[in-house]
Every structure is written in C-alpha cells, then in structure tokens.
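Structure record follows, encoded as structure tokens.
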There are 2 protein chains.
Amino acid sequence: MSIKVNDKFWERYFKLIRDEMIPYQWNVLHDQENITIDKERDDENIPSEKSHAIQNLKIAAGLAEGDHYGWLFQDSDVYKWLEAASNSYAIHPDEKLLSMMDEVISLIEAAQDEDGYISTYYQINNPKLKFRRLFESHELYCAGHLIEAAVAHYKATGSERLITVSNQFVQCIKNHFGDEEGKINGADGHQEIELALVKLYEVTKDESLLELSAYFLEVRGQDPDFYKKQLEENIENGLSQGPIPTINNEYHQSHQPVMEQEEAVGHAVRLVYMAAAMADVAYYLNNEKMYEACKKIWKNIVTKRMYITGGIGSTVHGEAFTYDYDLPNDTMYCETCASIGMMFFAKNMLKHETDASYSDILERCLYNTVISGVALDGKHFFYVNPLEVQPEACQKDPGKSHVKATRPSWFGCACCPPNIARTLTSLDQYIYSSNEDSVFAHLFMDNEGEINLDKGTVAIRQETTMPYSGNVRFYLELDNINKMRLGIRIPSWAEDFQIIKDGKEVEGKLDRGYLYLEISKRQTVIDVHFEMKAIQWASHPLVRGNQGKVALQRGPFVYCLEEEDNGENLHLNSITNQQVTEKPVGDSALGDIVLLETIGQKEKITKEWNERLYQKYATKEVEQTQLTFIPYYTWANRSSGQMQVWVNKKE
Amino acid sequence: MSIKVNDKFWERYFKLIRDEMIPYQWNVLHDQENITIDKERDDENIPSEKSHAIQNLKIAAGLAEGDHYGWLFQDSDVYKWLEAASNSYAIHPDEKLLSMMDEVISLIEAAQDEDGYISTYYQINNPKLKFRRLFESHELYCAGHLIEAAVAHYKATGSERLITVSNQFVQCIKNHFGDEEGKINGADGHQEIELALVKLYEVTKDESLLELSAYFLEVRGQDPDFYKKQLEENIENGLSQGPIPTINNEYHQSHQPVMEQEEAVGHAVRLVYMAAAMADVAYYLNNEKMYEACKKIWKNIVTKRMYITGGIGSTVHGEAFTYDYDLPNDTMYCETCASIGMMFFAKNMLKHETDASYSDILERCLYNTVISGVALDGKHFFYVNPLEVQPEACQKDPGKSHVKATRPSWFGCACCPPNIARTLTSLDQYIYSSNEDSVFAHLFMDNEGEINLDKGTVAIRQETTMPYSGNVRFYLELDNINKMRLGIRIPSWAEDFQIIKDGKEVEGKLDRGYLYLEISKRQTVIDVHFEMKAIQWASHPLVRGNQGKVALQRGPFVYCLEEEDNGENLHLNSITNQQVTEKPVGDSALGDIVLLETIGQKEKITKEWNERLYQKYATKEVEQTQLTFIPYYTWANRSSGQMQVWVNKKE
C-alpha cells in the first residue's frame, strides 16, 4: 500500500512538523534552543534543565565526557525525532534533513556497544546494572523506539543502517532474555519493544521477531514478583543497595498474565502500547486467544474508561486508569501519548476485523486529544489534555498542578511532542486497510495512492470537504483485476448518509459500521455524503462529573466553550433546546474552523450572594446568552482562560 | 464562670470519652493496644507501626534506651491526652484517672531538661538542632500543647506541677527567642504556642506571656526567608547537610506579616490556630489592628472557603486552603482538627463582639465536622471529613487515598482523636460568654452553673430539647445584683422563634443575631422556642461542585444520604418540591436521631446504556424514590457505602 495524503487540513500539520517541530526539537535535543523546559507537574525530581539527549549519546560513544542527564528513557526522544524526521522526509524529501538524520544515526552507531547494547544511562552511569532493573530501566522501551525509527528510516530512505543497529540490539536482547536457564525471564516495565518488533518483522520478515514479541507479552505477569526479585538479586550480588522501592505491578500491567487481564489498569500509555502489540502479534501468529484478550481490554476502555475526546487515564497518580466510569474532567491525565497509543491499538484491531467501533475511536482520538497535544504554531505542547480548565485551579490547587491552561514549549519528560510528530507524519497508514479482495476506507481526507490486492492493484483517490463538511468522492481504477469490494466506514457522528455510485444511490445494510460496494468496472467514481450536524452527546449516568451535561460534536470534532468567546464562569452556562447553528470562519485566529453557536442560558450571580457562601435555596435567576463553541483541538491558542467540554443541559 | 453540662446528647460523649477514648488512647500511647494504625493517606514516610509517644518520653528521661519513633510532634499526643483526661476529670472525678495523669506528669517532669526544654525527638536524636529547624520542628507547637494540658490539669485538680513545668519551658523559650542580638528572631512553623500562652496568662496573670504570644504572632512573616536562613546557617555551622528542602511559606502562613494577611491560605489547622491566638491577644492587649486582621481572615473563610459542615481545607496537598469558592466535596481535607480550630477562633472572636456570625459557625463546626470525627463507639476516628464518598474511589483513585469510607481506629499522625476528646470535654466553656453586666447564650444544651458579672453573680440553668427540637428554658437567679442583660443567639437555622418571659412574649430587634432581654427580678424563667424545620441550603454559584444541588439542615445538624438507606448511586437522586418530613427514631443503630424523609426522583440507568459510555442526548427517565437523610455526624457508623451531603435539586 502506498498512499500520499494531500489534504489541506493535514498538510498544514505536515508543514508545521517539517518547518517548526522537527527543527525545533532538533535544537532542543542538542541543547541549542533558548527555551523554558516545563515540568509536567510539581515534582522536584523531574529533570528540567535541558534535554541533553544528544550529549548522552556522544558521551556513550566516547566523543564527549560527562554524566548522563535526564530520564532513564531520554534516548527515546532522539529515536522518536528520527522516526518523525524519516516520516516527514517520505512526505517531503529534503537533503538537509537527510544529513541531519545521518548525523544522528552515526552517533547511534558509535554509541552502540560491541554486543549490540545501547542505553546511554546504563552505558555511562551504571553498566553493572544493565537489564537488571527492568521495572524502571526503559532499556527495551528505548530499543523499541530505536527499532521503530529504523523501520521508518528504511521505508523513507531505503537505508539499512539503523536496521543493522536494530538487528544487533535484538541479537543482544535475545542473548539475555528468554526462559532458558541463565537468561532473564521477564519483560521491560514499559511496553514498547513488543509492538516495535512486529514492525521490524513487517520489513525483514524475520519470524523470530514475532516470537520474541510474543515471548515478552506472554512472560509479563507470569511471576508478579519478577521485578522485585531482580532488585533483591542486585542487593545479594552487591550491585546495588536497598531499600527496595514498593513496586506497583498494576502500574506496568504485570499483576497477572496479559491474557487474563480484562480491565484497563495502570499507566495508560503502557497499557495501550501493550494492547497494540497484542493485537498485532495475535494477527500475525493467528493467536485467537490473544485477540480475545485484546477485545476485552478494548471493550473495557471504550465502554467504561475513555473520555469523549478519546483521552484515557483518569488520574495523574501513575498517569493511570482508575475504575469504571471514573472520568473526572479537571483532574484527569488524558496524555497525548496515550491517545496516540489508542490509535495504534485501533489500527491493529482493524487488521482482525473491519469494525467501525475501532475506526470511530481511532478518528475520535486523532481529531481531538492527539492534535490538541500541539498548538497551532507547532511549537507548544500539551502532555495533559483536560476537558475542563480553570487557570486559577491549575495555579492554586496542587492536585491540578499537572493541568496546564496553556501549552508549554517543551517538557522535562519530552515524550509527547516527538510522538505527535511521528504519528501525524504516518497518517497515510491509518486511512485504509485491505485484504485479498477488499479495500476498507476508515478515515476521510484528500489522498491518493495504490493498494495491492491478491490479484492486482487498485489506484485510489479521495477528494473530500472533510473535516469541514461531509462530502467524499472516491476515484477507483482497477489494474489487473476485474472486481473488488470497497468498504466505507459510516461514522457514528453521521446521522444520515448517501452513497452514489455510477449515478445511482447505493442501498445496503451496514456490516459492523461499514457499507460495502462491489466494484467491477475499471474506473468508478463514488460520491459519499455524510450528514454532519452538531450532535449533543450525553454520558452514562454513572459518570458523575457529566451528570446533567452534554458535549457537542460535529463531524469528528468534539467542541468546547472557551472563556475568550463566552466570558468567565463557563460552568454557569446551560445549553437549552434552541437550535445549534454552524458558522464557518475561514481565517479566524484558530484557522479555518466551523464554530457552533446557540442561544443558551447563564445563571446570574445575584447580589444576594454578596458575602454569602450559603443561603436558603431559591429558584435561580438566569439570562439568555450566546454560546460559541470551538473545536476542542483549537483550545488554548489565544488567551489563557477557562475551557469546558461538558456543558449543563437545561431540559 | 463555672458551668456544668448535664445534657443527654453531650453526656453520651463525655461517657464515651471517659470510658472508651481516654483508656483506649492511653493504651495506644503506651503501645499496649492491639490495633491497626492507619496511614491518613498513601505515603511511605508516615510512621504507622506504633505510637511510641510514652516510650519517647521515657527515653528522653533516661528511663529507657532506644531511638525516638514517630513524628516530630509525637509528644503532643501525650499532652492532648492529658488535657482531655484533665477536662474529663473535672466533669467526673476519678482516682484512677488522677493517678494515670500523675504517672504521665512525672514522666514529663523527668524528661524536661535542666534548662526547661522538652521535645523528645531533639532530646534523643538531634540535640544539636534544638530550635534550629523551626519550619518543621514543632518544638513550640508541643510546648503549646504542654501548656494547654497544664492549664486544664490545674483547673481540674488544682495541682501546679505542670504549670511549673510549663513556666520552666517558657523561661527556656524566652531565653532563646526574641529580637535581641543573639536570639532566634522567628516563630514555630506550626502555630499553637501563641494561643496556649494566652491560656497560661488567664490562670497565672503573668502579662509577659501575652507579650511573648504577641511577639510570636508579630514576628511571623516579617522575614519570609527566616526558615530557609536557619537551614543555611545549620549547614554553614556543620550542624546538618543539604540539600535545603523547598519551603512553602504560605503553608505556615509566614509569607507575609500576619497583620497583612487577608486570605486564609496554607495548612488549615495552622491558620485557624494562629487566628484564634490573634483574636485572643488582640482582646487582652486591646490591639484593634490585630482584631481587624482577624476579621478579614474570618470573613474570607466563612464567605469563601468553608464547607457547609464547618469543614475547612480544600486539598490534601498541604492539608490546605486553595482559593475562593474551591470546595470540592470528594477530594477535600476538612480535617477534624481544623474545625476544632475554627471553634477556638469563633470563641475568641466572641470575646470582642457578640455576633451570631461567630457563634453560628461555632455551632456548625461542633455539631457536624467535629463530632463526625469520632465514631458512635468512641473508638474510631476520621481525620478527613468528606462531603461525598464512594468507597471504590477511596480504594482505586490514588488522589482520594486520604478519604476513608469508614473511620480507622488510630492514625500514624494521631492529632485528631485526642483533640476531639479535649475539645468536647471543655464544651462548658463555649456555651456562654459574659461582660460586666450581660450574659450571652451561644449554644443550647442542658447545663447549669454560675457566671460572675461585675457586681454580682447569676446562677443560670438551661433545660432544653435541643438538639432534637427547639425548646429552651432558661432559669436565672440573681445574686447581689438587681439587673442584667441576657443575650440569646437566634440561630440562622431558626426561620422563626418565640421568646416568653414572665408569661409574655418578648418583642425586639435582633442585634447581630442576638435578642436581648433585660432581667431585673431575682428569679426569672424564660422560654424560648426556635422553629426547627428542615432547610434546603444552596451554595454560591461559583462553588462548582454544588451547582444545581442543595444540602439539608435541621437545627444545628447538616444531613446526608447514605447508601445503607438509599441504595447505590446516590448521585442519581434528586430532591423535588415534595415536602421533607421529620421522623424521630429514639433507638436506631445511629442512636436517638431525627431522620428527614422526602419523596424524590432517581434517574434510571436504562438498558440503552448497556455497553455504551456515550450516546445522543435524550430526556432522562426517572422514577419516584423515598430519600432518607441522616445527620452528617452519624454517617459511616453502619456499613461502608456511598455518602453525599449535596444532592441534586429538581426545580
């Protein structure tokens, strides 16, 4: 499959990534940018003076002197940058970027140990403890990002340099890990290598990589004391001193075998990276039991633990899931990376079954929490994506110190910015999937390319008004085949739709959210129209914070109120039964967007409340007010102010 | 003034304190009770193996060997026990208790250094750092509790042994603190000695104690770097090593001079202990400016930062105030001790002005958050007093680990249990105040005693049906005077009232919430009837969590819903305009209480919600339901379940 995205909405991001994010992040990684590195929350232990990531590699390579600085996983910032740069290069080749990448690759080659090992913290500061503190070491996590960068770089440039580095590191890992006597029989505390190994398999076809990934998945949680025992052994062997920290196995999903896990618990990014890998391994190894386990985790997330914005992780403590229906709007985590992980998970589930319940969530994550993670200027980033913000609370309530009212420029823990860059530049991989005789269209954006089916090829092109309105035209041209099927996702936000093929309206029953068309002419034009009206969503009654409230959505975009448009005290507003109207604005401060407007009510703070906190209940006074909603992803791009997704509904 | 409380409602507490709490706490302090000591939140640094408080004194006295164990302020648990025991002894003399107290007093005498100093942590583990880490040392805090115990013990027994110990410690403190060259010019990080010194003045009439208290109040915040400088000096002098922890001056109200503080910030207990001392010092030293400062702090708390239960402290982080109108019901702190401190503050403000806005709050704290702090069995205690609880959240949301769904038996930081005991046993001091020719009745409970006015004495007796219903009868008998004034507080919860004196209804305008009666006969009987109906309170519209909700109150008691009576998912209930009826139950599992009942509505979780988290908004289905409310202080005395004070109001 080879698809090129040439969509106005997304090309703006590609250009931002190319012109702003990649050079900016390059400078950050080289400690050259004059920026403030924000802590993601109040915590004295968060490294925030500088990135030092390139310098760490130089020190490990023997090209510089000094200590490691930063997180144990600081190397992964470099790998994610490299992956984003490779993807961007594939979209828009550029000699300068190629040489920037080559420079970094040379450094990685130089930093790699003879035996294939790379992890600068352990190489520089703690070689005795290599692979011996897996609960927190992130060595295999970093290896995974190295492998993902290698695959992206190979696909973009054809160069095998990083594939070679990866293969050597994989060999090192195989030498150390496994259930054979004398090997380490456990997995990294942060899942990532599991999904990366499948990607390496996809380009090298080395089936041992699938087996290694399956091994890491299956060993997880078999011995819940594995991490603790490693630490105890280190003390016994004089390699480190106590005390042994309390290890929360749920945090890294090692509390029970992954096949038995039925709930999404612990650190949200780890969970979805693991689940994405499980879905992929299950697909390639035909492991039905593993796919069933994936389905349970998926269902638990999307029916009980996911925000309407596609955000996951209800608490900052452990950046974690909590319990069913616990979805507070102002203290949650909703990390950008976690929703990126949900996209991975959805994409891999779609390999098993073409089911809109996967692709709807994929779209929901992408158009809301994922792109909310980056400012419209491409230089400021959210780690945490709240659904309700009061700037005063972020400053004065320490329990909300992780919630930012504006996007900072960089973080001490810089996982999100390069993750956004690498994901958006790989968007071409999310639009379609295919099997022997069918193409499935999951996302709608201008694009063109070719998709190989069993017996031939189909050239496909989408022209669409999405995400602004719901018109999509598909151009199909068959090569060497006589027929195929096209499955078109009917989005959950489209209350009605119309599909016209060869001048005739197509009737048909939806199959798990897709409408299927038989294509038998060499050239076919299909016109699709999705009704794209503002929808008012309600939450399950057990979601306490959303009781009596609705959230607006139009097309893939969830909407929100901002103080800039609606004045202060957003919580005093109510949506009534008045019509919600659409107002396209081509060149607002927030770009080309469609506003939603309605006449609502606002509770008045009457003068009886002066100097009173409580008084006897009386019917509230309200006044009519115009409510203006903006797409959620555009919030916090103007002034700093209040924001709210869920708004009172006056019945 | 000498008052004896002989009230059925309160005598139950006195007996519990005498029979259960004091012996139980004695055993805990002696590490003899077979109990589980709970941590007040998830934090590895909280000492929770045992109390060790008596053992610490023994070690300091040279009577045992070993290290100090527990908090820096572990000694204060002993002093608060001693104060409670003394108060209880005054109510109900008991030789065994006297000898228990004598045993502890002997230990304190033995532990006191030659120079008057006592603080077992520093004596045992760190003598070089005495008075050199005031930001956290609690040395003067413990001194304050020692002094309060001394005053209570002296009043109860006439023994001056602890007064002597206190005077020696005060002399030690005077030798070390002050603005003279070479002395420490600052105050303890935890206010307490300031209010204790005034109490010692009240019995010894040593005016230098008032000046010392005023000094500690006035030096506070003059140099915001004081605590940091102390730590820097210790490092310079080789007494300790770095790094210097971050000191948050707002936490201990040392960010600016106390006279300039207009908002209640930082650790709630510290703030109200400080404010209580300020009110007292301002009273005795006629410091009008200091009283004005008190009024600003008072107003900020009661009009912007106090829960309807009289709880204060909106966050567990620093057990602190946050910002105006930030009163979350499920993550707050609302420490029992903080509401006890509010009672102190209110009591001292009443010395300046007889204003029901003080005494109403005093009553609100006492009948709700303070007695909520102790279980009906007298052996289990709340530190944190939430207004909304889901047991699942307490277990699975680490941000709510400090909120307990049932009262634990003891805490690693055991400040609350003995604080409740000492406060309830001193209730006789809160009922009345007086000036030259007037008596002011603030609280209503059966009691009798004598109050000295300038020219003579009045014998006073209350017989009342409070807190069950609103009838109060006062018997007054003048001795050596011809006339006096009686001011009777008209509670804010009494929507109507009637006062009959000598068979005639008394008319009159309220003066700051009090109705004044001229008494000129030797014997007078006054009958008061307060209307005591269920009131529905609303919150200021800026209190986000209470929007659209009401709280029920009847008489002094705030009410709540419990799962035990109302089934699960309390948040789905709404109060409608149906009548709220009273149902007295004399011998329920919760004792002699009045239930409030009403026919409300409960939102149904319809089957459309099966396996769905969000769906298009539709009018909710509701069903009629009986709602049963219990007094807030009685919650969590049966099963563990949900609880909710603020309930949806259906307009």
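Identifiers in this document derive from the order of the structure tokens: chains are assigned A, B, ..., residues are numbered from 1 separately in each chain, and ligands are numbered from 1 in order of occurrence.
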field: Picked from stretch 217-447 of chain B by DSSP as helix (DSSP H, G or I), as a PyMOL selection string
entry: chain B and resi 217-219+226-236+249-252+258-260+268-284+288-304+336-352+356-372+391-396+398-400+416-424+427-429
Interface rows for chain A against chain B: nearest pair, Å to one decimal, 7 Å, only C-alpha atoms, as JSON lines:
```
{"residue": "A:Thr303", "atom": "CA", "partner": "B:Leu613", "partner_atom": "CA", "distance": 4.9}
{"residue": "A:Lys304", "atom": "CA", "partner": "B:Leu613", "partner_atom": "CA", "distance": 6.0}
{"residue": "A:His317", "atom": "CA", "partner": "B:Pro398", "partner_atom": "CA", "distance": 6.2}
{"residue": "A:Thr322", "atom": "CA", "partner": "B:Lys396", "partner_atom": "CA", "distance": 5.6}
{"residue": "A:Tyr323", "atom": "CA", "partner": "B:Lys396", "partner_atom": "CA", "distance": 6.5}
{"residue": "A:Lys396", "atom": "CA", "partner": "B:Thr322", "partner_atom": "CA", "distance": 5.6}
{"residue": "A:Asp397", "atom": "CA", "partner": "B:Thr322", "partner_atom": "CA", "distance": 5.6}
{"residue": "A:Pro398", "atom": "CA", "partner": "B:His317", "partner_atom": "CA", "distance": 6.2}
{"residue": "A:Gly399", "atom": "CA", "partner": "B:His317", "partner_atom": "CA", "distance": 6.9}
{"residue": "A:Ile535", "atom": "CA", "partner": "B:Lys616", "partner_atom": "CA", "distance": 6.9}
{"residue": "A:Gln536", "atom": "CA", "partner": "B:Tyr617", "partner_atom": "CA", "distance": 5.6}
{"residue": "A:Trp537", "atom": "CA", "partner": "B:Lys616", "partner_atom": "CA", "distance": 4.5}
{"residue": "A:Ala538", "atom": "CA", "partner": "B:Tyr617", "partner_atom": "CA", "distance": 4.8}
{"residue": "A:Ser539", "atom": "CA", "partner": "B:Tyr614", "partner_atom": "CA", "distance": 4.6}
{"residue": "A:His540", "atom": "CA", "partner": "B:Leu613", "partner_atom": "CA", "distance": 5.1}
{"residue": "A:Pro541", "atom": "CA", "partner": "B:Ile605", "partner_atom": "CA", "distance": 6.4}
{"residue": "A:Ile605", "atom": "CA", "partner": "B:Pro541", "partner_atom": "CA", "distance": 6.4}
{"residue": "A:Trp609", "atom": "CA", "partner": "B:His540", "partner_atom": "CA", "distance": 6.4}
{"residue": "A:Glu611", "atom": "CA", "partner": "B:Thr303", "partner_atom": "CA", "distance": 5.4}
{"residue": "A:Arg612", "atom": "CA", "partner": "B:Thr303", "partner_atom": "CA", "distance": 5.1}
{"residue": "A:Leu613", "atom": "CA", "partner": "B:Thr303", "partner_atom": "CA", "distance": 4.9}
{"residue": "A:Tyr614", "atom": "CA", "partner": "B:Ser539", "partner_atom": "CA", "distance": 4.6}
{"residue": "A:Gln615", "atom": "CA", "partner": "B:Trp537", "partner_atom": "CA", "distance": 5.5}
{"residue": "A:Lys616", "atom": "CA", "partner": "B:Trp537", "partner_atom": "CA", "distance": 4.4}
{"residue": "A:Tyr617", "atom": "CA", "partner": "B:Ala538", "partner_atom": "CA", "distance": 4.8}
```
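Interatomic distance, atom CA of A:Leu590 to atom CA of A:Asn637: 7.1 Å.
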- prompt: Within 10 Å of B:Lys58, counting only C-alpha atoms, which residues qualify if same-chain residues fewer than 4 places away don't, as a VMD selection string?
  reply: chain B and resid 52 to 54 62 to 66 104 107 to 108 110 to 111 120
All residues 9 Å or closer to stretch 461-475 of chain B, only C-alpha atoms, same chain fewer than 2 positions away omitted, as a ChimeraX atom specification: /B:3,7,9,444-450,459,477,494,497,523-532,555-557,584,592-594
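With atom CA of B:Trp635 on one side and atom CA of B:Glu562 on the other, the separation reads 7.1 Å.
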- line: Using only C-alpha atoms, the best pick from A:Tyr251, A:Phe344, A:Trp26, A:Phe131 as closest to A:Trp81 would be A:Trp26
message: List the spatial neighbours of stretch 275-288 of chain B as a PyMOL selection string - criterion: any atom at most 9 Å away, only C-alpha atoms, same-chain residues fewer than 4 positions off excluded.
response: chain B and resi 191-198+210-211+213-214+217+258+270-271+292-295+297-298+341-349+351-352
Selection to disk with N, CA and C atoms, as a short mmCIF file (atom, residue, chain, number, x, y, z; two decimals), in the first residue's frame:
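The resulting again_7.cif:
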```cif
data_model
loop_
_atom_site.label_atom_id
_atom_site.label_comp_id
_atom_site.auth_asym_id
_atom_site.auth_seq_id
_atom_site.Cartn_x
_atom_site.Cartn_y
_atom_site.Cartn_z
N GLN B 191 1.80 27.05 64.31
CA GLN B 191 1.23 27.88 65.36
C GLN B 191 0.49 27.01 66.38
N GLU B 192 0.66 27.35 67.64
CA GLU B 192 -0.04 26.67 68.73
C GLU B 192 0.36 27.32 70.05
N ILE B 193 1.69 27.55 70.20
CA ILE B 193 2.13 28.15 71.47
C ILE B 193 1.47 29.52 71.66
N GLU B 194 1.19 30.20 70.57
CA GLU B 194 0.61 31.55 70.66
C GLU B 194 -0.71 31.53 71.43
N LEU B 195 -1.58 30.55 71.11
CA LEU B 195 -2.86 30.52 71.82
C LEU B 195 -2.70 29.93 73.22
N ALA B 196 -1.73 29.04 73.37
CA ALA B 196 -1.52 28.41 74.68
C ALA B 196 -1.01 29.43 75.70
N LEU B 197 -0.13 30.31 75.26
CA LEU B 197 0.43 31.31 76.18
C LEU B 197 -0.67 32.19 76.76
N VAL B 198 -1.70 32.48 75.95
CA VAL B 198 -2.81 33.29 76.47
C VAL B 198 -3.57 32.52 77.54
N LEU B 210 1.46 37.23 77.52
CA LEU B 210 0.74 37.87 76.42
C LEU B 210 1.73 38.50 75.45
N GLU B 211 2.77 39.13 76.04
CA GLU B 211 3.76 39.79 75.18
C GLU B 211 4.52 38.78 74.35
N SER B 213 3.39 35.88 73.36
CA SER B 213 2.48 35.43 72.32
C SER B 213 2.40 36.46 71.19
N ALA B 214 2.25 37.74 71.58
CA ALA B 214 2.18 38.80 70.57
C ALA B 214 3.47 38.84 69.75
N LEU B 217 3.39 36.11 67.19
CA LEU B 217 2.47 36.45 66.10
C LEU B 217 3.06 37.51 65.19
N VAL B 258 1.44 38.74 59.69
CA VAL B 258 0.07 38.25 59.91
C VAL B 258 -0.96 39.37 59.85
N ARG B 270 -3.05 25.19 61.02
CA ARG B 270 -2.13 26.25 61.44
C ARG B 270 -2.80 27.62 61.35
N LEU B 271 -3.52 27.82 60.25
CA LEU B 271 -4.16 29.12 60.04
C LEU B 271 -5.15 29.43 61.16
N GLU B 292 -8.83 43.65 63.59
CA GLU B 292 -9.25 43.89 62.20
C GLU B 292 -8.68 42.82 61.27
N ALA B 293 -7.41 42.44 61.52
CA ALA B 293 -6.80 41.39 60.70
C ALA B 293 -7.55 40.07 60.88
N CYS B 294 -7.94 39.79 62.12
CA CYS B 294 -8.73 38.57 62.39
C CYS B 294 -10.03 38.59 61.61
N LYS B 295 -10.67 39.75 61.59
CA LYS B 295 -11.97 39.84 60.92
C LYS B 295 -11.84 39.55 59.42
N ILE B 297 -9.57 37.64 57.98
CA ILE B 297 -9.35 36.20 57.79
C ILE B 297 -10.65 35.43 58.01
N TRP B 298 -11.37 35.82 59.08
CA TRP B 298 -12.65 35.16 59.37
C TRP B 298 -13.60 35.26 58.18
N GLY B 341 -10.19 23.97 65.47
CA GLY B 341 -9.52 25.28 65.47
C GLY B 341 -10.48 26.41 65.13
N MET B 342 -11.44 26.15 64.24
CA MET B 342 -12.46 27.16 63.93
C MET B 342 -13.29 27.47 65.17
N MET B 343 -13.55 26.44 65.97
CA MET B 343 -14.28 26.68 67.23
C MET B 343 -13.47 27.61 68.15
N PHE B 344 -12.16 27.35 68.23
CA PHE B 344 -11.30 28.23 69.06
C PHE B 344 -11.39 29.67 68.55
N PHE B 345 -11.26 29.77 67.22
CA PHE B 345 -11.25 31.10 66.59
C PHE B 345 -12.57 31.81 66.88
N ALA B 346 -13.68 31.10 66.68
CA ALA B 346 -15.00 31.70 66.91
C ALA B 346 -15.16 32.12 68.36
N LYS B 347 -14.75 31.24 69.26
CA LYS B 347 -14.88 31.53 70.69
C LYS B 347 -14.13 32.81 71.04
N ASN B 348 -12.95 32.97 70.48
CA ASN B 348 -12.16 34.16 70.81
C ASN B 348 -12.69 35.42 70.13
N MET B 349 -13.27 35.26 68.96
CA MET B 349 -13.90 36.42 68.31
C MET B 349 -15.10 36.89 69.12
N LYS B 351 -15.30 37.09 72.17
CA LYS B 351 -14.86 37.95 73.28
C LYS B 351 -14.92 39.42 72.87
N HIS B 352 -14.66 39.67 71.59
CA HIS B 352 -14.67 41.04 71.08
C HIS B 352 -16.08 41.55 70.84
#
```
- prompt: Any idea what's packed within 12 Å of B:Ile124, counting only C-alpha atoms, ignoring anything in its chain fewer than 5 positions away? Could you give it as a list in words?
  reply: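 Surrounding residues, per the criterion: Gln55, Asn56, Leu57, Lys58, Ile59, Ala60, Ala61, Gly62, Ala64, Glu65, Gly66, Asp67, His68, Tyr69, Leu72, Ala111, Gln112, Asp113, Ile118, Ser119, Leu129 and Lys130 of chain B.
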message: I need the residues in stretch 372-511 of chain A that are strand (DSSP E) according to DSSP; give them as number ranges by chain.
response: A: 388-389, 432-434, 438-441, 447-452, 457-464, 471-479, 484-489, 497-501, 504-505
Selection near A:Ser88, 12 Å with only C-alpha atoms, sequence-local residues under 5 positions removed, as a ChimeraX atom specification: /A:4-5,11,13-23,81-83,93-94,97-98,101,152-153,155-157,418,421-428
- prompt: By how many Å are atom CA of A:Gly600 and atom CA of A:Phe629 apart?
  reply: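 Those two atoms sit 11.6 Å apart.
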